[in-house]
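J.: Here it is: the structure, laid out below.
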Amino acid sequence: MNTYKSRKEVPEQEQWNLQDIYPNKTAWQKDYKKAEELIKKIGEYNDQITNAKSLLGYLTLSEEIERVYTKLSGYSMLSLDMDTREGDSQKLVDKTRQLGQKWSSSTSFFMPYLLSLENEALKQYIAAEEGLKYFEKDLLESFSYKKHVLSKEQEEIMAQMGEAISAPSRIFGMINNADIKFGTVTNDDGEKIELTRGMYAKLIEDEDREKRKEAYKAYYEPYVTLKNTIAATFASAVKNNVKLSKIRHYPSALEKSLFSDRIPKEVYENLIEATRKNLTYMSDYMEYRKNKLGLENLHAYDLSVPLVGEASKEKISFEQAYETMLKALKPLGEEYIDILKTFKEKRYLDVRETPGKRSGAYNLGLYGVHPFILLNHRDDLDSLFTLAHECGHGMHSYYSSTYQPQITAGYSIFVAEVASTVNEVLLIRYLLSTETDSAKKEHLVNHFIDSFKGTFFTQVMFSEFEKTVHEKAEAGEPLTLDLFNEIYEELFIAYNGKQLVVDEEVKYGWSRIPHFYRPFYVYKYATGFASAIMIADKLLSGDPSVKENYLQFLKSGSSDFPLELLKKTGVDLTTPEPINHAMSIFYGLIKEVMGD
C-alpha cells in the first residue's frame, strides 16, 4: 500500500477535479454574492404572493437558489475534506453555513402562506399558470404537512432557533472529532503511543489478543471519561426531538421522522420484531467464532478479528479493485459498466489517504455536475467493498440526475443504501463463485456474515435503542447516564448472545455513535440491506426484466415515495418477506461456515 505524506505526492488521476464545479475560489466567491442577492430577493416575496404568476416567480427563484447553494456547499465541503486543517476551506464551509441560515430565515414565511390556501385555490393557480405544473406534485404534497406547520411568525422563530436546536449535534461532533484523545497502546518497539481511529481499525483485527484488548480499552477510555458530558449532550438531543415533534403535532418523535417518506411506523416496528425472532442465528455464529478462535470466553474485542488469518491479508491494488468491481457488476448491464468506467477516467474519485484528509468514505452527488466519491483506499478486501459500495451511491446519483429534473433528482435517504448494498452483494457473490482456495472462500463467507452483523443486526439494535430512549422521554422519564447504559447493555447481550462476556466498556457503546444525533436514521441501513439482498438475488436469476426494473428505480430519484419506488424492484417492505428472505440467506451462511 502506498503511503503519501501529502496530496502533492498522489497521482493526479486519483484526485478529485474540483474545477468541474468552479475553476477557482474567485468563481466560488462570485456565486456566493449571487446567492446572497437571490436570497435577499426571495425574502421580498413575503406577503407579496397574491396570484399564480407571483407563486411561480417565488418557486422558480427558490429552485435557482437551491442550485447555486448546492454547488457552493459541495465545493466548500469537498475542499475541506481534502485537508481538514486548511483554514481557507474552513472559512468557506462557515460562510456556506451562514448563507444557509439566511436562506432558511428568508423563506420561513412560505409554508405557512402555502398552507393558508384552500386546496381548490391552489389547483386553480396551477391551472392558470402552465409553469406551475412542474411544481404541482410538491405543492400538493405540502398540504399533508398542514397540521404540522405553525403560523408565519412561529415558523420564523423556529428558523432563527435552528442553530440552537442543532447545538447537541454540533457539540458531540466537536467532542468526537476535535477533543477526544484516546488512550495509549504499545507499538512494535514496545513504546507507548496515543491510539488513533485509523490504528484502532487495524488493531481490533490483530491476531494478538492482548493487542486487541489494549486497543479496545484505549478506544473506549475517553468515552468513559466523558460519560456525563456525552450523556447530557445526548439527552438534550433526544429531548429537543421529542419537544419538536409535540410542537409540530406529531403523535411521536418516531412518526415525525418517518412522515416525510410516508413510512408507516409498522415498517420500523416489524423490522425489530422480525430481527428479534432470528437472533438465535447470531448466537450460533458467536459460539462458532469462539470455538474457531480457540477461546474459552468471547469478548467484544474478539468480534472483528478475521477467522482465517492469512486469507484476510491479501493485497488488492486500486487498479485490481476497480477491475474486479466491474466484473462483479456485469449483471447490471453494459450501460451501467460503461458509465462506471468513466468515473475513474474523469476523476470522480479521490482515492488515497493523506494527512488531514477526512476519514472514511462517502458519495456526494451534485446536480448539474457529477458524483464525487471520497475514499481512503488501503489496498485490501475492505477497501474493495468500500469502492463497490460508494460507486453504487455514485451511480444512483448519476442516474437520478441524468433522468430527473432538479426537483426530483435527489433520492430519499430511505433508499440511499439500496444501490450501494446491491453492489456489495453482487461483489461478494462474484468472489465466492470464482474463488477456488478453500481458506479464502471461508474468509469471504465470514466477511458476508460480518456484513450482516454490521449493516443489519447492529443497525437494528441501534434502532431499538433509539426507539426505547425516545419512548422513555415521551413518557416523562429522566434521561440519565445509567438509563442509557442499562438499555444499551441489555440490547447488546440480546443481539450478540449470552455467551459473550460483557466488559465494562460495552454499556458505553451508545456514547460513540454520531448517527444518534440524526434521529431514527440508522434503521434505513437495515431496511436497505434487506432490500438489496433480495434485489441482488433477483438480478442473479438472469431475468432481464429485473435488471430493467432496477435501473428504472435508480433513474427515478424522488419521483415517488420510497416504498413505492422499491416495489418496482419487487421489494415490498410493508410485508415481512424482505426481512425473512435476508434472514434465510444469513442462516444459510451460518450453516455453511459451521459445516452443517
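Chains: A, B, ... in order of the C-alpha cells. Residues: from 1 per chain. Ligands: from 1, in order shown.
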Which neighbours of Gln404 (chain A) fall inside 8 Å, counting only C-alpha atoms, when residues of the same chain fewer than 6 positions from it are skipped, and could you give them as a list of chain:residue names?
T.: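 Non-adjacent residues within range: A:Lys555, A:Ser556, A:Gly557, A:Ser559.
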J.: For Leu427 (chain A), list every protein, DNA or RNA residue within 6 Å, evaluated using only C-alpha atoms, and leave out those in the same chain fewer than 3 positions away; present the list as a PyMOL selection string.
T.: chain A and resi 328+424+430
J.: When you count only C-alpha atoms, which of these residues is closest to Asn177 (chain A): A:Leu539, A:Met325, A:Met461, A:Ile513?
T.: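 Looking at the shortest contact to Asn177 (chain A), the residue is A:Ile513.
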J.: Counting only C-alpha atoms, what is within 7 Å of region 277-287 of chain A, bar same-chain residues fewer than 6 positions away, as a ChimeraX atom specification?
T.: /A:495-497,587,590
J.: Convert the current residue selection to file output with all heavy atoms, as a short mmCIF file (atom, residue, chain, number, x, y, z; two decimals), in the first residue's frame.
T.:
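That gives us out26.cif:
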data_model
loop_
_atom_site.label_atom_id
_atom_site.label_comp_id
_atom_site.auth_asym_id
_atom_site.auth_seq_id
_atom_site.Cartn_x
_atom_site.Cartn_y
_atom_site.Cartn_z
N TYR A 495 -28.67 -9.02 21.25
CA TYR A 495 -28.33 -9.09 19.82
C TYR A 495 -27.04 -9.84 19.53
O TYR A 495 -26.78 -10.18 18.37
CB TYR A 495 -28.26 -7.67 19.22
CG TYR A 495 -29.60 -7.11 18.86
CD1 TYR A 495 -30.45 -6.57 19.83
CD2 TYR A 495 -30.06 -7.11 17.55
CE1 TYR A 495 -31.69 -6.05 19.51
CE2 TYR A 495 -31.30 -6.59 17.21
CZ TYR A 495 -32.11 -6.07 18.19
OH TYR A 495 -33.35 -5.55 17.86
N ASN A 496 -26.22 -10.10 20.55
CA ASN A 496 -24.94 -10.77 20.32
C ASN A 496 -24.83 -12.14 20.99
O ASN A 496 -23.91 -12.89 20.68
CB ASN A 496 -23.78 -9.88 20.78
CG ASN A 496 -23.59 -8.68 19.88
OD1 ASN A 496 -23.00 -8.77 18.82
ND2 ASN A 496 -24.14 -7.54 20.30
N GLY A 497 -25.74 -12.45 21.89
CA GLY A 497 -25.70 -13.77 22.53
C GLY A 497 -25.15 -13.71 23.94
O GLY A 497 -24.24 -12.95 24.24
N TYR A 587 -28.97 -17.41 7.55
CA TYR A 587 -28.99 -18.75 8.13
C TYR A 587 -28.19 -19.72 7.26
O TYR A 587 -27.43 -20.56 7.75
CB TYR A 587 -30.43 -19.23 8.28
CG TYR A 587 -30.57 -20.61 8.88
CD1 TYR A 587 -29.97 -20.92 10.10
CD2 TYR A 587 -31.31 -21.60 8.24
CE1 TYR A 587 -30.11 -22.18 10.66
CE2 TYR A 587 -31.45 -22.86 8.80
CZ TYR A 587 -30.84 -23.15 10.01
OH TYR A 587 -30.95 -24.41 10.56
N ILE A 590 -24.52 -19.18 7.89
CA ILE A 590 -24.12 -19.75 9.18
C ILE A 590 -23.94 -21.26 9.06
O ILE A 590 -22.96 -21.85 9.54
CB ILE A 590 -25.16 -19.42 10.28
CG1 ILE A 590 -25.25 -17.91 10.50
CG2 ILE A 590 -24.82 -20.13 11.58
CD1 ILE A 590 -24.00 -17.27 11.00
#
J.: If you count only C-alpha atoms, which residues fall within 12 Å of region 163-165 of chain A, apart from same-chain ones fewer than 3 positions away, as a ChimeraX atom specification?
T.: /A:97-98,100-102,104-105,157-160,168-171,233,236-244,517
J.: Fewer than 5 positions away in the same chain doesn't count, so skip those; otherwise give me all residues within 12 Å of Lys330 (chain A), counting only C-alpha atoms, as a PyMOL selection string.
T.: chain A and resi 323-325+335-338+340+423+426-427+429-430+536+539-540+542+547
J.: Among region 260-421 of chain A, which ones does DSSP assign to helix (DSSP H, G or I) (computed from the backbone)? Answer as a PyMOL selection string.
T.: chain A and resi 265-276+279-292+300-302+310-313+318-328+330-332+334-345+381-403+406-409+413-421
J.: With a distance cut-off of 9 Å and only C-alpha atoms, select the neighbouring residues of region 190-196 of chain A, excluding the residue or stretch itself and same-chain residues fewer than 6 positions from it, and output the selection as a PyMOL selection string.
T.: chain A and resi 181-184+215+218-219
J.: Just the residues within 10 Å of Glu353 (chain A), please, counting only C-alpha atoms, with nothing from its chain fewer than 4 positions along; format it as a ChimeraX atom specification.
T.: /A:2-7,10,82,357-360,374-378
J.: Write the residues of the preceding selection, restricted to all heavy atoms, as a short mmCIF file (atom, residue, chain, number, x, y, z; two decimals), in the first residue's frame.
T.:
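File produced: selection_12.cif:
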data_model
loop_
_atom_site.label_atom_id
_atom_site.label_comp_id
_atom_site.auth_asym_id
_atom_site.auth_seq_id
_atom_site.Cartn_x
_atom_site.Cartn_y
_atom_site.Cartn_z
N ASN A 2 0.57 2.19 -0.89
CA ASN A 2 1.33 3.43 -0.93
C ASN A 2 0.95 4.32 0.25
O ASN A 2 -0.21 4.45 0.60
CB ASN A 2 1.04 4.19 -2.23
CG ASN A 2 1.58 3.47 -3.46
OD1 ASN A 2 2.64 2.86 -3.39
ND2 ASN A 2 0.85 3.51 -4.56
N THR A 3 1.98 4.91 0.88
CA THR A 3 1.76 5.85 1.96
C THR A 3 2.21 7.22 1.49
O THR A 3 3.37 7.40 1.10
CB THR A 3 2.55 5.44 3.22
OG1 THR A 3 2.15 4.13 3.61
CG2 THR A 3 2.28 6.42 4.35
N TYR A 4 1.30 8.19 1.50
CA TYR A 4 1.61 9.51 0.99
C TYR A 4 1.71 10.51 2.14
O TYR A 4 0.88 10.52 3.04
CB TYR A 4 0.53 9.95 0.01
CG TYR A 4 0.44 9.07 -1.22
CD1 TYR A 4 -0.51 8.05 -1.31
CD2 TYR A 4 1.31 9.25 -2.29
CE1 TYR A 4 -0.59 7.25 -2.43
CE2 TYR A 4 1.24 8.46 -3.42
CZ TYR A 4 0.28 7.45 -3.49
OH TYR A 4 0.22 6.66 -4.60
N LYS A 5 2.72 11.35 2.06
CA LYS A 5 2.93 12.36 3.10
C LYS A 5 2.16 13.65 2.80
O LYS A 5 1.98 14.47 3.68
CB LYS A 5 4.42 12.65 3.24
CG LYS A 5 5.23 11.45 3.75
CD LYS A 5 6.70 11.80 3.89
CE LYS A 5 7.50 10.60 4.39
NZ LYS A 5 8.96 10.89 4.48
N SER A 6 1.75 13.80 1.56
CA SER A 6 0.95 14.98 1.19
C SER A 6 0.17 14.68 -0.08
O SER A 6 0.48 13.73 -0.81
CB SER A 6 1.84 16.20 0.97
OG SER A 6 2.54 16.08 -0.26
N ARG A 7 -0.81 15.52 -0.39
CA ARG A 7 -1.61 15.33 -1.60
C ARG A 7 -0.77 15.52 -2.86
O ARG A 7 -1.08 14.97 -3.92
CB ARG A 7 -2.79 16.29 -1.62
CG ARG A 7 -3.88 15.95 -0.64
CD ARG A 7 -5.11 16.82 -0.83
NE ARG A 7 -5.75 16.63 -2.11
CZ ARG A 7 -6.61 15.65 -2.37
NH1 ARG A 7 -6.92 14.76 -1.45
NH2 ARG A 7 -7.18 15.57 -3.57
N VAL A 10 0.23 12.33 -4.51
CA VAL A 10 -0.80 11.45 -5.06
C VAL A 10 -0.94 11.72 -6.56
O VAL A 10 -1.04 12.88 -6.97
CB VAL A 10 -2.15 11.68 -4.36
CG1 VAL A 10 -3.23 10.77 -4.96
CG2 VAL A 10 -2.03 11.44 -2.87
N MET A 82 -10.56 17.41 1.68
CA MET A 82 -9.24 17.03 1.15
C MET A 82 -8.15 17.28 2.19
O MET A 82 -7.16 16.58 2.24
CB MET A 82 -8.94 17.81 -0.13
CG MET A 82 -9.82 17.42 -1.29
SD MET A 82 -9.28 18.12 -2.87
CE MET A 82 -9.39 19.88 -2.57
N LYS A 357 -6.74 14.55 5.52
CA LYS A 357 -7.92 14.22 4.73
C LYS A 357 -8.99 13.60 5.63
O LYS A 357 -8.66 12.87 6.56
CB LYS A 357 -7.54 13.24 3.61
CG LYS A 357 -8.71 12.87 2.70
CD LYS A 357 -8.26 11.91 1.58
CE LYS A 357 -9.43 11.42 0.76
NZ LYS A 357 -9.01 10.50 -0.31
N ARG A 358 -10.23 13.89 5.33
CA ARG A 358 -11.33 13.31 6.09
C ARG A 358 -11.27 11.78 6.01
O ARG A 358 -11.01 11.21 4.95
CB ARG A 358 -12.67 13.80 5.54
CG ARG A 358 -13.87 13.14 6.22
CD ARG A 358 -15.17 13.77 5.78
NE ARG A 358 -16.32 12.95 6.20
CZ ARG A 358 -17.58 13.35 6.18
NH1 ARG A 358 -17.87 14.58 5.80
NH2 ARG A 358 -18.55 12.56 6.55
N SER A 359 -11.54 11.15 7.13
CA SER A 359 -11.51 9.69 7.18
C SER A 359 -12.78 9.11 6.57
O SER A 359 -13.75 9.83 6.31
CB SER A 359 -11.36 9.20 8.63
OG SER A 359 -12.47 9.62 9.41
N GLY A 360 -12.80 7.80 6.36
CA GLY A 360 -13.99 7.13 5.89
C GLY A 360 -14.20 7.25 4.40
O GLY A 360 -13.24 7.39 3.63
N LEU A 374 -15.43 10.06 -2.15
CA LEU A 374 -14.25 10.09 -1.28
C LEU A 374 -13.93 8.67 -0.82
O LEU A 374 -14.82 7.95 -0.35
CB LEU A 374 -14.49 11.00 -0.07
CG LEU A 374 -13.33 11.09 0.92
CD1 LEU A 374 -13.10 12.55 1.35
CD2 LEU A 374 -13.56 10.23 2.16
N LEU A 375 -12.66 8.29 -0.96
CA LEU A 375 -12.16 7.01 -0.47
C LEU A 375 -10.91 7.26 0.35
O LEU A 375 -10.29 8.33 0.28
CB LEU A 375 -11.81 6.08 -1.64
CG LEU A 375 -12.91 5.74 -2.66
CD1 LEU A 375 -12.29 5.01 -3.85
CD2 LEU A 375 -13.99 4.88 -2.02
N ASN A 376 -10.53 6.26 1.13
CA ASN A 376 -9.21 6.22 1.75
C ASN A 376 -8.69 4.80 1.52
O ASN A 376 -8.64 3.98 2.42
CB ASN A 376 -9.28 6.55 3.24
CG ASN A 376 -9.40 8.03 3.50
OD1 ASN A 376 -8.41 8.76 3.53
ND2 ASN A 376 -10.63 8.51 3.68
N HIS A 377 -8.37 4.52 0.25
CA HIS A 377 -8.10 3.16 -0.20
C HIS A 377 -6.83 2.60 0.44
O HIS A 377 -5.77 3.23 0.41
CB HIS A 377 -7.96 3.14 -1.71
CG HIS A 377 -8.08 1.77 -2.31
ND1 HIS A 377 -9.29 1.17 -2.55
CD2 HIS A 377 -7.14 0.86 -2.69
CE1 HIS A 377 -9.10 -0.03 -3.07
NE2 HIS A 377 -7.81 -0.24 -3.16
N ARG A 378 -6.94 1.38 1.00
CA ARG A 378 -5.82 0.76 1.72
C ARG A 378 -5.33 -0.54 1.06
O ARG A 378 -4.62 -1.32 1.68
CB ARG A 378 -6.24 0.47 3.16
CG ARG A 378 -6.53 1.70 3.99
CD ARG A 378 -7.09 1.33 5.35
NE ARG A 378 -7.37 2.51 6.16
CZ ARG A 378 -6.50 3.05 7.03
NH1 ARG A 378 -5.32 2.50 7.19
NH2 ARG A 378 -6.82 4.11 7.73
#
